[in-house]
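Peer 1: Handing you a structure now.
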Amino acid sequence: MSSKTLTIPARLLCYCFHKPRRVFHVDPARLYYGSPQVATGSAVRTVDLRSDTVTKPGAAMRRAMAEAEVGDDVFGEDPTVNELQKIAADMFGMEAALYVPTGTMSNLIAVMVHCRERGDEMIVGDLSHIHVYEQGGSAQLAGVHSATVTTLSNGTFDLDQLISKIRHGYPDPHYPRSRLVCVENTHNIQGGRVLPLSFLQELRSVADNFGLTVHMDGARVMNAAVALGIQPSAILQHCHSVSVCLSKGLGAPVGTMLGGSKDFIQRAVRARKALGGGMRQSGVLAAAGKIALSDMIGRVKEDHRNAKSFAQALLQCDPPMYQVDLTTVESNILRFRLRDAHMSPAEFCERMAGVDEEEVKALGQGVQVLMFPHVGGTVRAVWHLGISEEDTQLAIQKAHFVAQQHKLKSIRAA
């Protein structure tokens with residue numbers, strides 16, 4: 001029997017004992033700061049699942065950017081930006097919207113507008129992006145204190161715990177003043193979980209009862225809308241403001257839309273300028289945002305489908321090396337665990353990103369699959385418009401190959 005007719009497991013058994021082997025090592029630090037170098041001259045395919053922020057604008061988007069009509073946006077005279085802001089506001093079901101360079105700036109602006117006095121307080125989930133990944137900007141730059149509630153596995157938090165965190169002593173000089181509650185949809189750290197509409201409705205009722213405003217970090221709210229099969233406005237009706245990223249699954253090179261009331265956006269314009277976010281002929285960038293909102297939302301269902309396919313394949317792996325709860329795979333982000341404590345998430349990610357001769361012989365080509373070690377001893381993989389169904393199948397083959405190699409290494413060690 002020729003090697004071409006062998007099944008993948010059989011071919012792995014033939015080649016994984018082959019010595020010597022040449023391994024192309026990957027510096028773990030590069031897993032965050034850039035793509036690992038591939039082996040020169042090798043048939044290597046890269047499948048980048050680190051984040052949906054690695055997407056690149058396509059031909060239509062680049063053409064729209066090149067041909068964009070522009071003006072001075074700080075003067076409110078860039079027609080492409082103005083049109084994008086109108087499109088976003090209508091889509092969100094809100095009175096107005098503002099084009100902002102980044103999601104972090106957009107969230108910070110929202111905090112600054114809702115919490116108008118230094119020493120005000122916002123309540124956030126302890127695993128929220130705002131609390132964990134944005135450098136404490138609300139305190140550092142806005143003078144706003146954060147109180148945390150426990151983030152649950154589905155991205156929500158207990159509303160009774162929220163109520164217990166609301167300050168009632170204002171204007172007692174000992175305490176900050178509760179002003180704002182922030183939610184995240186979909187929830188990044190919890191694996192792309194989609195917040196239930198019932199939770200958002202109940203949260204808004206609590207906020208209204210206690211005179212608080214609700215801001216949604218909706219960097220991936222379009223994924224949530226597609227997952228639920230509803231319009232974004234059906235989600236955002238429960239919020240006073242929202243930040244929606246254009247440069248993740250929607251494929252724009254830069255930009256976030258901040259939505260809210262007219263008064264909120266007027267104040268947000270001032271905060272954006274103070275933070276250095278006032279851009280001039282930014283219609284060149286806003287043109288990409290228009291394409292993102294008009295053409296790219298519907299296709300994120302492909303990312304959801306590919307993420308689910310990969311998760312299902314991990315459970316079918318022989319040997320059984322991966323732990324996945326399929327009920328938690330709701331959008332384009334997947335978190336999974338390794339069953340064998342002898343392989344850490346960092347080691348697994350390094351192995352997935354590396355290519356050796358055994359792999360090329362067994363699979364017919366080298367495949368670099370880039371992922372991140374994640375919180376709680378998990379591995380995170382994110383699907384996006386740069387990852388096709390074929391790429392997903394290659395990633396599945398690589399995950400199965402790594403599991404087989406690890407098993408054979410354990411057998412030899414025993």
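Simple scheme: letters A, B, ... for chains in structure tokens order, numbers from 1 for residues in each chain, numbers from 1 for ligands in the order shown.
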Do you have, as a tab-separated table, the list of residues of range 72-125 of chain A lying at most 12 Å from range 209-212 of chain A, each with its nearest atom pair and that distance in Å to one decimal, counting only C-alpha atoms and ordered by chain then number?

Peer 2:
```
residue	atom	partner	partner_atom	distance
A:His114	CA	A:Leu212	CA	9.1
A:Cys115	CA	A:Leu212	CA	10.0
A:Asp120	CA	A:Leu212	CA	11.5
A:Glu121	CA	A:Leu212	CA	10.4
A:Met122	CA	A:Leu212	CA	9.2
A:Ile123	CA	A:Leu212	CA	9.9
```

Peer 1: Residues within 10 Å of range 389-405 of chain A, please, as a PyMOL selection string. Count only C-alpha atoms; anything in the same chain fewer than 4 positions from it doesn't count.

Peer 2: chain A and resi 8-9+12-13+15-17+45-49+302-303+305-307+309-314+316-322+338+340+348+351-353+355+358-359+362-363+365-370+383+409-411

Peer 1: Would you mind reading off the distance between CA of Leu293 in chain A and CA of Met91 in chain A, one decimal, in Å?

Peer 2: 8.8 Å

Peer 1: Would you compute the distance between CA of Thr53 in chain A and CA of Gly249 in chain A? Give it in Å to one decimal.

Peer 2: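 Those two atoms sit 7.3 Å apart.
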
Peer 1: Residues within 12 Å of Ser128 in chain A, please, as a PyMOL selection string. Count only C-alpha atoms; anything in the same chain fewer than 2 positions from it doesn't count.

Peer 2: chain A and resi 107+123-126+130-134+136+146-153+155-157+181-192+216-219
